[in-house]
file work.txt (compact mmCIF, C-alpha atoms)
# COMPACT_ATOMS: atom_id res chain seq x y z
CA MET A 1 140.46 80.38 56.34
CA ASN A 2 142.98 80.05 53.57
CA TYR A 3 142.40 82.89 51.16
CA GLN A 4 145.35 81.83 49.04
CA THR A 5 143.63 79.09 47.09
CA THR A 6 143.28 80.22 43.54
CA PRO A 7 139.66 79.29 42.88
CA LEU A 8 138.53 80.94 46.07
CA ARG A 9 140.41 84.13 45.31
CA ARG A 10 138.94 84.20 41.84
CA ALA A 11 135.47 83.51 43.09
CA LEU A 12 135.66 86.17 45.79
CA ALA A 13 137.07 88.76 43.40
CA GLY A 14 134.29 87.92 40.97
CA ASP A 15 131.61 88.15 43.67
CA TYR A 16 133.03 91.44 44.83
CA ALA A 17 133.21 92.83 41.31
CA ILE A 18 129.63 91.88 40.55
CA GLY A 19 128.47 93.25 43.89
CA LEU A 20 127.14 90.04 45.40
CA MET A 21 128.78 90.41 48.78
CA PRO A 22 126.89 91.71 51.79
CA ALA A 23 128.40 94.67 53.59
CA THR A 24 130.45 92.73 56.16
CA ALA A 25 131.98 90.45 53.55
CA ARG A 26 132.71 93.45 51.32
CA ARG A 27 134.62 95.17 54.11
CA ARG A 28 136.58 92.03 54.88
CA PHE A 29 137.46 91.59 51.23
CA GLU A 30 138.55 95.22 51.03
CA ALA A 31 140.83 94.63 54.00
CA LEU A 32 142.36 91.67 52.15
CA LEU A 33 142.88 93.83 49.08
CA LEU A 34 145.02 96.31 50.98
CA ASP A 35 147.78 93.76 51.55
CA ASP A 36 147.39 91.66 48.45
CA ALA A 37 148.58 93.13 45.18
CA ALA A 38 147.78 89.96 43.22
CA LEU A 39 144.21 90.06 44.46
CA ARG A 40 143.92 93.69 43.36
CA VAL A 41 145.07 92.68 39.88
CA GLU A 42 142.56 89.83 39.81
CA LEU A 43 139.79 92.18 40.90
CA GLY A 44 140.93 94.77 38.36
CA HIS A 45 140.42 92.27 35.56
CA TRP A 46 136.91 91.45 36.69
CA GLN A 47 136.00 95.08 37.18
CA ALA A 48 137.28 96.00 33.76
CA ALA A 49 135.41 93.12 32.17
CA LEU A 50 132.16 93.88 33.96
CA ALA A 51 132.45 97.63 33.42
CA SER A 52 132.09 96.92 29.74
CA LEU A 53 128.48 96.04 30.56
CA THR A 54 128.02 99.80 30.76
CA GLY A 55 129.90 100.40 27.50
CA THR A 56 126.81 100.66 25.33
CA LEU A 57 124.70 102.75 27.66
CA PRO A 58 123.68 105.97 25.94
CA GLU A 59 125.39 109.16 27.04
CA ARG A 60 123.16 111.68 28.77
CA PRO A 61 123.62 115.44 28.79
CA VAL A 62 124.22 116.74 32.29
CA PRO A 63 122.29 119.73 33.69
CA ASP A 64 124.47 122.69 34.73
CA HIS A 65 123.46 122.50 38.37
CA VAL A 66 125.36 119.22 38.77
CA TRP A 67 128.66 120.94 37.98
CA GLU A 68 127.74 123.79 40.31
CA GLY A 69 127.00 121.28 43.04
CA ILE A 70 130.36 119.59 42.50
CA GLN A 71 132.20 122.91 42.67
CA ALA A 72 130.38 123.79 45.86
CA ARG A 73 131.52 120.49 47.35
CA ILE A 74 135.17 120.79 46.42
CA GLU A 75 135.47 124.53 47.04
CA PRO A 76 132.66 125.49 49.41
CA GLN A 77 134.08 128.87 50.41
CA VAL A 78 133.69 130.28 46.91
CA LEU A 79 129.99 129.64 46.49
CA HIS A 80 128.92 130.27 50.05
CA LEU A 81 130.34 133.80 50.23
CA PRO A 82 127.70 136.45 49.55
CA ALA A 83 128.62 138.53 46.52
CA LYS A 84 128.45 141.80 48.47
CA LYS A 85 127.87 142.48 52.10
CA PRO A 86 125.07 144.87 53.05
CA LEU A 87 126.32 148.34 53.99
CA TRP A 88 124.63 148.42 57.38
CA MET A 89 126.52 145.28 58.36
CA ASN A 90 129.82 146.91 57.52
CA LEU A 91 128.87 150.01 59.48
CA ARG A 92 128.00 147.92 62.49
CA LEU A 93 131.29 146.07 62.26
CA TRP A 94 133.18 149.35 62.05
CA ALA A 95 131.23 150.76 64.99
CA ALA A 96 132.06 147.69 67.06
CA ALA A 97 135.74 147.89 66.13
CA PHE A 98 135.80 151.62 66.91
CA GLY A 99 134.19 151.00 70.28
CA ILE A 100 136.83 148.46 71.17
CA VAL A 101 139.63 150.83 70.20
CA ILE A 102 138.12 153.59 72.37
CA ALA A 103 137.72 151.24 75.31
CA VAL A 104 141.34 150.13 75.06
CA LEU A 105 142.58 153.71 74.78
CA VAL A 106 140.55 154.81 77.80
CA GLY A 107 141.86 151.84 79.75
CA VAL A 108 145.43 152.75 78.85
CA LEU A 109 144.99 156.41 79.71
CA TYR A 110 143.41 155.77 83.10
CA GLN A 111 145.69 152.98 84.10
CA ARG A 112 149.00 154.26 82.89
CA ASP A 113 150.71 152.50 85.73
CA LEU A 114 149.44 149.14 84.63
CA GLY A 115 152.21 146.65 85.23
CA VAL A 116 154.19 148.89 87.53
CA GLU A 117 155.49 146.81 90.39
CA TYR A 118 157.62 149.30 92.30
CA ASN A 119 157.92 153.00 92.46
CA ALA A 120 160.58 155.34 93.69
CA THR A 121 160.94 159.08 93.87
CA LEU A 122 164.54 160.13 94.17
CA VAL A 123 165.21 163.38 95.95
CA ALA A 124 168.12 165.75 95.94
CA ALA A 125 170.10 166.71 99.03
CA ASN A 126 167.57 169.45 99.71
CA GLN A 127 164.71 166.86 99.69
CA GLN A 128 163.47 168.28 96.39
CA PRO A 129 161.97 165.47 94.26
CA ALA A 130 164.24 165.13 91.27
CA LEU A 131 163.55 161.84 89.49
CA GLN A 132 160.58 159.49 89.27
CA ILE A 133 161.38 155.81 88.69
CA LYS A 134 158.82 153.12 87.97
CA ALA A 135 159.92 149.53 88.03
CA PHE A 136 158.33 147.09 85.61
CA ALA A 137 159.03 143.39 85.31
CA ASP A 138 161.98 143.84 82.97
CA HIS A 139 162.72 147.53 82.80
CA LEU A 140 162.66 150.82 84.63
CA GLN A 141 160.83 153.87 83.37
CA VAL A 142 162.57 157.10 84.33
CA GLU A 143 160.97 160.55 84.31
CA PRO A 144 162.67 163.77 85.36
CA LEU A 145 161.01 166.01 87.92
CA ALA A 146 163.73 168.58 88.61
CA LEU A 147 167.12 167.53 87.38
CA ALA A 148 170.22 169.69 87.61
CA ALA A 149 171.79 170.61 84.32
CA LEU A 150 174.51 168.22 83.28
CA GLU A 151 177.82 168.90 81.58
CA PRO A 152 178.16 167.07 78.28
CA THR A 153 181.13 165.13 79.60
CA ARG A 154 179.11 163.63 82.40
CA ASP A 155 176.47 160.96 82.79
CA LEU A 156 174.18 160.04 85.62
CA GLU A 157 174.33 156.42 86.75
CA LEU A 158 171.63 154.61 88.70
CA TRP A 159 172.59 152.26 91.50
CA ALA A 160 170.75 149.72 93.57
CA ILE A 161 171.97 149.49 97.15
CA GLN A 162 170.79 146.60 99.31
CA PRO A 163 170.90 147.10 103.07
CA GLY A 164 174.52 146.53 104.11
CA GLY A 165 175.57 145.88 100.54
CA LYS A 166 177.62 147.56 97.89
CA PRO A 167 175.98 149.60 95.15
CA ILE A 168 175.15 147.62 92.04
CA SER A 169 174.83 149.49 88.78
CA LEU A 170 171.43 149.42 87.09
CA GLY A 171 172.66 151.45 84.14
CA LEU A 172 172.91 155.01 82.95
CA VAL A 173 170.04 157.41 83.38
CA PRO A 174 168.83 158.29 79.87
CA THR A 175 169.79 161.66 78.47
CA ALA A 176 167.62 164.46 79.86
CA GLY A 177 166.43 162.02 82.51
CA ARG A 178 163.58 160.58 80.50
CA GLY A 179 163.44 157.05 79.12
CA ARG A 180 163.82 153.43 79.74
CA ILE A 181 166.48 151.34 81.43
CA GLN A 182 166.41 147.69 80.45
CA LEU A 183 167.04 145.24 83.31
CA SER A 184 168.96 141.99 83.11
CA PRO A 185 167.49 138.98 84.95
CA ALA A 186 170.05 139.50 87.75
CA GLN A 187 169.00 143.12 88.08
CA GLN A 188 165.33 142.14 88.05
CA ALA A 189 165.99 139.75 90.94
CA LEU A 190 167.50 142.59 92.94
CA LEU A 191 164.27 144.55 92.83
CA ALA A 192 162.41 141.88 94.75
CA ALA A 193 164.07 142.98 98.01
CA PRO A 194 163.91 146.38 99.76
CA LEU A 195 166.38 148.69 98.10
CA THR A 196 167.77 152.14 98.07
CA LEU A 197 168.15 153.68 94.67
CA ALA A 198 170.87 156.27 94.14
CA VAL A 199 172.05 158.36 91.22
CA SER A 200 175.68 159.37 91.09
CA LEU A 201 177.49 161.79 88.83
CA GLU A 202 179.93 159.88 86.66
CA PRO A 203 182.19 160.41 83.70
CA ARG A 204 180.56 160.02 80.31
CA GLY A 205 179.75 156.34 79.75
CA GLY A 206 179.41 155.56 83.44
CA SER A 207 181.68 154.63 86.29
CA PRO A 208 184.96 153.10 85.09
CA THR A 209 185.35 151.11 88.31
CA GLY A 210 181.97 149.45 88.74
CA GLN A 211 181.40 151.51 91.88
CA PRO A 212 180.19 155.10 92.19
CA THR A 213 183.10 157.49 91.63
CA GLY A 214 181.27 160.80 91.81
CA PRO A 215 178.93 162.41 94.29
CA VAL A 216 175.47 160.92 94.89
CA LEU A 217 173.05 163.57 93.64
CA TYR A 218 169.73 161.85 94.27
CA GLN A 219 168.47 158.95 96.24
CA GLY A 220 165.30 157.30 97.47
CA GLN A 221 163.65 154.08 98.61
CA LEU A 222 162.11 151.70 96.14
CA ALA A 223 158.63 151.06 97.46
CA SER A 224 156.14 148.43 96.49
CA LEU A 225 152.95 149.92 95.09
CA MET B 1 134.32 71.64 43.11
CA ASN B 2 132.35 71.79 46.29
CA GLY B 3 130.10 74.79 46.26
CA THR B 4 128.43 74.19 49.60
CA HIS B 5 131.40 73.99 51.91
CA ALA B 6 131.08 76.33 54.88
CA GLN B 7 133.42 79.30 54.61
CA PRO B 8 133.35 81.28 57.86
CA GLY B 9 135.78 83.97 56.74
CA LEU B 10 133.42 85.55 54.26
CA PRO B 11 129.89 84.59 55.20
CA SER B 12 126.99 85.01 52.83
CA ALA B 13 129.04 85.49 49.72
CA CYS B 14 127.79 83.35 46.90
CA HIS B 15 131.04 81.45 46.88
CA ARG B 16 131.91 79.29 49.83
CA LEU B 17 134.68 77.38 48.22
CA HIS B 18 137.33 75.53 50.07
CA VAL B 19 139.50 73.66 47.65
CA GLN B 20 143.19 73.40 47.01
CA SER B 21 144.54 74.33 43.67
CA HIS B 22 148.00 75.06 42.40
CA ARG B 23 147.03 76.78 39.23
CA PRO B 24 148.71 80.15 38.99
CA VAL B 25 146.49 83.20 39.30
CA ALA B 26 148.30 85.30 36.79
CA ARG B 27 147.23 84.78 33.25
CA ALA B 28 146.46 86.76 30.18
CA TRP B 29 143.08 88.40 30.41
CA ARG B 30 141.56 89.91 27.38
CA SER B 31 140.88 93.47 28.22
CA PRO B 32 137.52 94.60 26.88
CA ILE B 33 138.27 98.23 27.75
CA SER B 34 141.37 99.90 26.43
CA THR B 35 144.13 100.27 28.98
CA SER B 36 146.42 101.94 26.48
CA ASP B 37 148.94 104.42 27.76
CA ALA B 38 147.68 106.75 25.05
CA ASP B 39 144.34 107.10 26.88
CA PRO B 40 143.83 110.88 27.02
CA LEU B 41 141.99 110.56 30.34
CA ARG B 42 145.16 109.39 32.03
CA PRO B 43 147.04 112.72 32.05
CA LEU B 44 143.82 114.47 33.07
CA LEU B 45 143.48 112.23 36.12
CA ALA B 46 147.15 112.75 36.93
CA GLN B 47 146.61 116.52 36.83
CA CYS B 48 143.55 116.19 39.08
CA ALA B 49 145.75 114.33 41.56
CA LEU B 50 147.95 117.44 41.61
CA GLY B 51 144.95 119.66 42.32
CA ASN B 52 144.56 121.09 38.83
CA ARG B 53 140.98 122.42 38.65
CA GLN B 54 141.20 123.15 34.96
CA ALA B 55 142.05 119.52 34.23
CA PHE B 56 139.19 118.42 36.48
CA GLU B 57 136.72 120.54 34.54
CA THR B 58 138.03 119.16 31.25
CA LEU B 59 137.68 115.65 32.63
CA TYR B 60 134.16 116.46 33.77
CA ARG B 61 133.13 117.84 30.39
CA THR B 62 134.60 114.77 28.70
CA VAL B 63 133.18 111.93 30.77
CA SER B 64 130.16 113.27 32.65
CA PRO B 65 127.61 112.42 29.91
CA ARG B 66 128.90 108.86 29.88
CA LEU B 67 128.83 108.54 33.67
CA HIS B 68 125.43 110.21 33.75
CA GLY B 69 124.14 107.45 31.48
CA VAL B 70 125.66 104.87 33.82
CA ALA B 71 124.15 106.51 36.90
CA LEU B 72 120.74 106.72 35.26
CA ARG B 73 120.87 103.07 34.28
CA PHE B 74 121.45 102.14 37.90
CA MET B 75 119.14 104.60 39.61
CA GLY B 76 116.30 104.77 37.06
CA ARG B 77 115.36 108.30 38.19
CA PRO B 78 116.95 111.51 36.89
CA ASP B 79 117.12 113.21 40.30
CA LEU B 80 118.78 110.22 41.96
CA ALA B 81 121.12 109.77 39.00
CA GLU B 82 122.24 113.41 39.27
CA GLU B 83 122.93 112.99 42.97
CA VAL B 84 125.04 109.93 42.28
CA LEU B 85 126.85 111.68 39.44
CA GLN B 86 127.69 114.68 41.60
CA GLU B 87 128.97 112.49 44.40
CA ALA B 88 130.98 110.43 41.93
CA PHE B 89 132.85 113.49 40.65
CA VAL B 90 133.52 114.72 44.16
CA ARG B 91 135.10 111.34 44.83
CA ILE B 92 137.02 111.36 41.57
CA TRP B 93 138.48 114.74 42.52
CA TYR B 94 139.48 113.75 46.04
CA ASN B 95 140.68 110.25 45.13
CA ALA B 96 142.47 111.02 41.87
CA SER B 97 145.82 110.49 43.59
CA ARG B 98 144.74 106.97 44.52
CA TYR B 99 144.03 105.95 40.93
CA GLU B 100 146.29 103.03 40.04
CA ALA B 101 146.97 103.01 36.34
CA HIS B 102 148.17 99.41 36.27
CA LEU B 103 144.89 98.12 37.73
CA ALA B 104 142.29 99.86 35.62
CA ALA B 105 141.77 102.16 32.69
CA PRO B 106 140.62 105.62 33.81
CA MET B 107 137.10 105.12 32.46
CA THR B 108 136.80 101.74 34.22
CA TRP B 109 137.92 103.35 37.45
CA MET B 110 135.39 106.17 37.13
CA VAL B 111 132.57 103.84 36.09
CA ASN B 112 133.31 101.74 39.16
CA ILE B 113 133.21 104.77 41.45
CA THR B 114 129.87 105.75 39.96
CA ARG B 115 128.54 102.22 40.16
CA ASN B 116 129.62 101.73 43.76
CA LEU B 117 127.86 104.93 44.80
CA ALA B 118 124.75 103.97 42.85
CA ILE B 119 124.65 100.52 44.39
CA ASP B 120 125.14 101.97 47.87
CA GLN B 121 122.11 104.17 47.25
CA LEU B 122 120.08 101.28 45.85
CA ARG B 123 120.92 99.15 48.88
CA LYS B 124 119.95 101.94 51.28
CA ARG B 125 116.67 102.39 49.50
CA ARG B 126 115.98 98.68 49.58
CA GLU B 127 116.50 98.70 53.33
CA GLN B 128 113.87 101.41 53.74
CA PRO B 129 110.33 100.05 53.63
CA LEU B 130 108.47 101.43 50.66
CA ALA B 131 104.88 102.58 50.57
CA ASP B 132 102.62 100.39 48.45
CA GLY B 133 102.48 102.76 45.52
CA GLN B 134 106.25 103.17 45.44
CA GLN B 135 106.80 99.44 45.12
CA ASP B 136 104.56 99.33 42.06
CA ALA B 137 106.28 102.38 40.62
CA LEU B 138 109.67 100.71 40.93
CA LEU B 139 108.46 97.61 39.17
CA ASP B 140 107.01 99.60 36.32
CA ASP B 141 109.96 101.92 36.04
CA GLY B 142 111.76 101.86 32.72
CA PRO B 143 112.32 99.03 30.31
CA SER B 144 112.33 95.50 31.61
CA THR B 145 115.53 93.80 32.60
CA PHE B 146 115.41 91.67 29.49
CA GLU B 147 115.02 94.65 27.19
CA GLN B 148 117.93 96.34 28.92
CA LEU B 149 120.01 93.22 28.62
CA ASP B 150 119.39 93.08 24.91
CA SER B 151 120.46 96.67 24.39
CA GLU B 152 123.50 96.34 26.60
CA ARG B 153 124.73 93.08 25.20
CA GLU B 154 126.36 94.99 22.39
CA ALA B 155 129.49 95.62 24.45
CA ARG B 156 132.50 94.02 22.93
CA ALA B 157 134.50 91.28 24.62
CA LEU B 158 132.43 90.74 27.73
CA ASN B 159 129.25 90.57 25.79
CA ARG B 160 130.72 88.15 23.30
CA CYS B 161 131.50 86.04 26.34
CA LEU B 162 128.16 86.67 27.98
CA ASP B 163 126.59 85.28 24.85
CA THR B 164 128.25 81.96 25.55
CA LEU B 165 126.42 81.71 28.88
CA ASP B 166 123.12 80.09 29.52
CA GLY B 167 120.25 82.50 29.79
CA MET B 168 119.90 82.31 33.56
CA GLN B 169 123.66 82.50 34.14
CA ARG B 170 123.81 85.64 32.07
CA GLN B 171 120.76 87.15 33.66
CA SER B 172 121.93 86.43 37.22
CA ILE B 173 125.27 88.13 36.65
CA THR B 174 123.84 91.12 34.84
CA VAL B 175 120.98 91.74 37.23
CA ALA B 176 123.32 91.41 40.20
CA TYR B 177 125.78 93.80 38.56
CA PHE B 178 123.25 96.52 37.87
CA GLN B 179 121.30 96.22 41.10
CA GLY B 180 123.93 95.28 43.64
CA LEU B 181 121.90 92.36 44.89
CA SER B 182 123.19 89.71 47.26
CA CYS B 183 122.63 86.09 46.32
CA SER B 184 119.51 85.74 48.42
CA GLU B 185 118.08 89.01 47.10
CA LEU B 186 118.88 87.84 43.63
CA ALA B 187 117.01 84.61 44.31
CA ASP B 188 113.97 86.61 45.42
CA HIS B 189 114.28 88.89 42.41
CA LEU B 190 114.48 86.00 39.95
CA ALA B 191 111.94 83.92 41.90
CA ALA B 192 114.41 81.04 41.83
CA PRO B 193 115.84 78.76 44.55
CA LEU B 194 118.95 80.16 46.24
CA GLY B 195 120.97 77.07 45.33
CA SER B 196 120.14 77.50 41.66
CA VAL B 197 121.12 81.16 41.71
CA LYS B 198 124.45 80.37 43.34
CA SER B 199 125.10 77.73 40.79
CA TRP B 200 124.22 80.03 37.87
CA ILE B 201 126.54 82.71 39.20
CA ARG B 202 129.41 80.36 39.89
CA ARG B 203 129.25 78.49 36.59
CA GLY B 204 128.56 81.67 34.71
CA MET B 205 131.58 83.42 36.19
CA GLU B 206 133.81 80.44 35.51
CA ARG B 207 132.72 80.30 31.91
CA LEU B 208 133.04 84.04 31.57
CA ARG B 209 136.52 83.87 32.93
CA ARG B 210 137.59 81.14 30.55
CA CYS B 211 136.14 83.09 27.68
CA LEU B 212 137.82 86.34 28.70
CA GLU B 213 141.15 84.56 29.11
CA SER B 214 140.96 82.91 25.71
call {"tool": "encode", "arguments": {"input": "work.txt", "output": "structure tokens"}}
result
Amino acid sequence: MNYQTTPLRRALAGDYAIGLMPATARRRFEALLLDDAALRVELGHWQAALASLTGTLPERPVPDHVWEGIQARIEPQVLHLPAKKPLWMNLRLWAAAFGIVIAVLVGVLYQRDLGVEYNATLVAANQQPALQIKAFADHLQVEPLALAALEPTRDLELWAIQPGGKPISLGLVPTAGRGRIQLSPAQQALLAAPLTLAVSLEPRGGSPTGQPTGPVLYQGQLASL
Amino acid sequence: MNGTHAQPGLPSACHRLHVQSHRPVARAWRSPISTSDADPLRPLLAQCALGNRQAFETLYRTVSPRLHGVALRFMGRPDLAEEVLQEAFVRIWYNASRYEAHLAAPMTWMVNITRNLAIDQLRKRREQPLADGQQDALLDDGPSTFEQLDSEREARALNRCLDTLDGMQRQSITVAYFQGLSCSELADHLAAPLGSVKSWIRRGMERLRRCLES
């Protein structure tokens, strides 16, 4: 069908403007309009002309509820919120929130080792437990049990020793023996295999050579939990 | 002009024309509604397009009585007219950015939105079978079409041109406009043969067009 003939375009625009088209024809005409600016102009003329049929209709005052309905439609959240929530509902919400907090706290307290993958207790030469080490995915948690006093010019350094391998530094033991040692991905990979952990006495800042330079004070096996 | 030629692209429209013509489409239309740039509704619509609620409320206060009158003319019942009016303003708000100033004056655009919604509702209601009493109520509702035509024919340019039409041409176009009737529904409504109704519409629109262009 050739929609480009002038009389047809005029006639269709006129039909559409009056409202004579059935639904299918209306939709097809609307599809034509999308791509055809000239047709939109033609239709605009007809619509403007026919709209003047309404020009002498009397104005009618509008009841307030119409405006309220419009506001509710364009901003539903404003009108649908209750002005004030009942107190009991707030109390119940608070009680529920409080209960959750308690449950989480209890869970944390009773499962402090949550996430611990390996565990090691390092002992001194006299087999006295000296240092507790828990291995997590990306860090070690160190807790002192019975550490010897340390001169201020010294540091303790933690080493991982694979069977038949050289010691690999895991980092300095935190001051006073308590704290966290962050692990690099390479160090994390080490912990997957059976290991001996050892703590050596080093100059402040750790071994200057990359290998233990002082005596090994504590050692122990890293065991899977 | 051959008014009976089959036109498969747009079935059931009153016009099934298939003729060649080389007359240009563009021509000077008389504009019965002001499209002046000074129209104060224009900046209000532009602000609505930007999401300005204050401008929307001002627009509402300014034009809602007019659109309410339009909706009531179409729907004939205050409750239905209010529903249409509310929906029309929701659409005006959400579609303000799609208003094209070069195609229509703001009031024309808003009247058309209101009218389209009203006609949609009228069509839906026509599709629902009515109880016996309701049918009678509709027929008795409000002033007759002829009385309404007389009161509405005051509008300026279009109505000057409508006056040049034959009675049935004028009535066909006006009834179709205010009731959203298809040609066959219009034929039923006017108790006239379908061919006659098509002819009235086609000749009426052609004459109207020539008058509006003059």
call {"tool": "residues_around", "arguments": {"input": "work.txt", "residues": "Ala137 (chain A)", "least_positions_apart": "2", "cutoff": "10 Å", "atoms": "all atoms listed in the file", "output": "PyMOL selection string"}}
result
chain A and resi 115-118+135+139-140+182-183+185+188-189+191
call {"tool": "write_last_selection", "arguments": {"input": "work.txt", "atoms": "C-alpha atoms", "output": "PDB file, in the frame of the given file"}}
result
ATOM      1  CA  GLY A 115     152.210 146.650  85.230  1.00  0.00           C
ATOM      2  CA  VAL A 116     154.190 148.890  87.530  1.00  0.00           C
ATOM      3  CA  GLU A 117     155.490 146.810  90.390  1.00  0.00           C
ATOM      4  CA  TYR A 118     157.620 149.300  92.300  1.00  0.00           C
ATOM      5  CA  ALA A 135     159.920 149.530  88.030  1.00  0.00           C
ATOM      6  CA  HIS A 139     162.720 147.530  82.800  1.00  0.00           C
ATOM      7  CA  LEU A 140     162.660 150.820  84.630  1.00  0.00           C
ATOM      8  CA  GLN A 182     166.410 147.690  80.450  1.00  0.00           C
ATOM      9  CA  LEU A 183     167.040 145.240  83.310  1.00  0.00           C
ATOM     10  CA  PRO A 185     167.490 138.980  84.950  1.00  0.00           C
ATOM     11  CA  GLN A 188     165.330 142.140  88.050  1.00  0.00           C
ATOM     12  CA  ALA A 189     165.990 139.750  90.940  1.00  0.00           C
ATOM     13  CA  LEU A 191     164.270 144.550  92.830  1.00  0.00           C
TER      14      LEU A 191
END
call {"tool": "closest_residue", "arguments": {"input": "work.txt", "among": "B:Ala71, B:Leu190, B:Ala81, B:Leu103", "to": "chain A", "atoms": "all atoms listed in the file"}}
result
B:Leu103
call {"tool": "axis_aligned_box", "arguments": {"input": "work.txt", "around": "region 166-177 of chain B", "padding_each_side": "5 Å", "output": "lines of an AutoDock Vina configuration file"}}
result
center_x = 122.8
center_y = 86.9
center_z = 34.9
size_x = 15.9
size_y = 23.7
size_z = 20.7
call {"tool": "interface_residues", "arguments": {"input": "work.txt", "of": "chain A", "to": "chain B", "cutoff": "9 Å", "atoms": "only C-alpha atoms", "output": "ChimeraX atom specification"}}
result
/A:1-12,14-22,24-26,28-29,38-63,66-67,69-71,73-74
call {"tool": "write_last_selection", "arguments": {"input": "work.txt", "atoms": "C-alpha atoms", "output": "tab-separated table (two decimals), in the frame of the given file"}}
result
chain	number	residue	atom	x	y	z
A	1	MET	CA	140.46	80.38	56.34
A	2	ASN	CA	142.98	80.05	53.57
A	3	TYR	CA	142.40	82.89	51.16
A	4	GLN	CA	145.35	81.83	49.04
A	5	THR	CA	143.63	79.09	47.09
A	6	THR	CA	143.28	80.22	43.54
A	7	PRO	CA	139.66	79.29	42.88
A	8	LEU	CA	138.53	80.94	46.07
A	9	ARG	CA	140.41	84.13	45.31
A	10	ARG	CA	138.94	84.20	41.84
A	11	ALA	CA	135.47	83.51	43.09
A	12	LEU	CA	135.66	86.17	45.79
A	14	GLY	CA	134.29	87.92	40.97
A	15	ASP	CA	131.61	88.15	43.67
A	16	TYR	CA	133.03	91.44	44.83
A	17	ALA	CA	133.21	92.83	41.31
A	18	ILE	CA	129.63	91.88	40.55
A	19	GLY	CA	128.47	93.25	43.89
A	20	LEU	CA	127.14	90.04	45.40
A	21	MET	CA	128.78	90.41	48.78
A	22	PRO	CA	126.89	91.71	51.79
A	24	THR	CA	130.45	92.73	56.16
A	25	ALA	CA	131.98	90.45	53.55
A	26	ARG	CA	132.71	93.45	51.32
A	28	ARG	CA	136.58	92.03	54.88
A	29	PHE	CA	137.46	91.59	51.23
A	38	ALA	CA	147.78	89.96	43.22
A	39	LEU	CA	144.21	90.06	44.46
A	40	ARG	CA	143.92	93.69	43.36
A	41	VAL	CA	145.07	92.68	39.88
A	42	GLU	CA	142.56	89.83	39.81
A	43	LEU	CA	139.79	92.18	40.90
A	44	GLY	CA	140.93	94.77	38.36
A	45	HIS	CA	140.42	92.27	35.56
A	46	TRP	CA	136.91	91.45	36.69
A	47	GLN	CA	136.00	95.08	37.18
A	48	ALA	CA	137.28	96.00	33.76
A	49	ALA	CA	135.41	93.12	32.17
A	50	LEU	CA	132.16	93.88	33.96
A	51	ALA	CA	132.45	97.63	33.42
A	52	SER	CA	132.09	96.92	29.74
A	53	LEU	CA	128.48	96.04	30.56
A	54	THR	CA	128.02	99.80	30.76
A	55	GLY	CA	129.90	100.40	27.50
A	56	THR	CA	126.81	100.66	25.33
A	57	LEU	CA	124.70	102.75	27.66
A	58	PRO	CA	123.68	105.97	25.94
A	59	GLU	CA	125.39	109.16	27.04
A	60	ARG	CA	123.16	111.68	28.77
A	61	PRO	CA	123.62	115.44	28.79
A	62	VAL	CA	124.22	116.74	32.29
A	63	PRO	CA	122.29	119.73	33.69
A	66	VAL	CA	125.36	119.22	38.77
A	67	TRP	CA	128.66	120.94	37.98
A	69	GLY	CA	127.00	121.28	43.04
A	70	ILE	CA	130.36	119.59	42.50
A	71	GLN	CA	132.20	122.91	42.67
A	73	ARG	CA	131.52	120.49	47.35
A	74	ILE	CA	135.17	120.79	46.42
call {"tool": "residues_near_point", "arguments": {"input": "work.txt", "point": "(162.3, 162.8, 85.2)", "cutoff": "10 Å", "atoms": "all atoms listed in the file", "output": "list in words"}}
result
Thr121, Leu122, Pro129, Ala130, Leu131, Gln132, Ile133, Gln141, Val142, Glu143, Pro144, Leu145, Ala146, Leu147, Val173, Pro174, Ala176, Gly177, Arg178 and Gly179 of chain A
call {"tool": "closest_residue", "arguments": {"input": "work.txt", "among": "A:Asn90, A:Ala13, A:Ala31, A:Leu170", "to": "Gln211 (chain A)", "atoms": "only C-alpha atoms"}}
result
A:Leu170
call {"tool": "atom_distance", "arguments": {"input": "work.txt", "atom1": "CA of Arg160 (chain B)", "atom2": "CA of Glu30 (chain A)"}}
result
29.7 Å
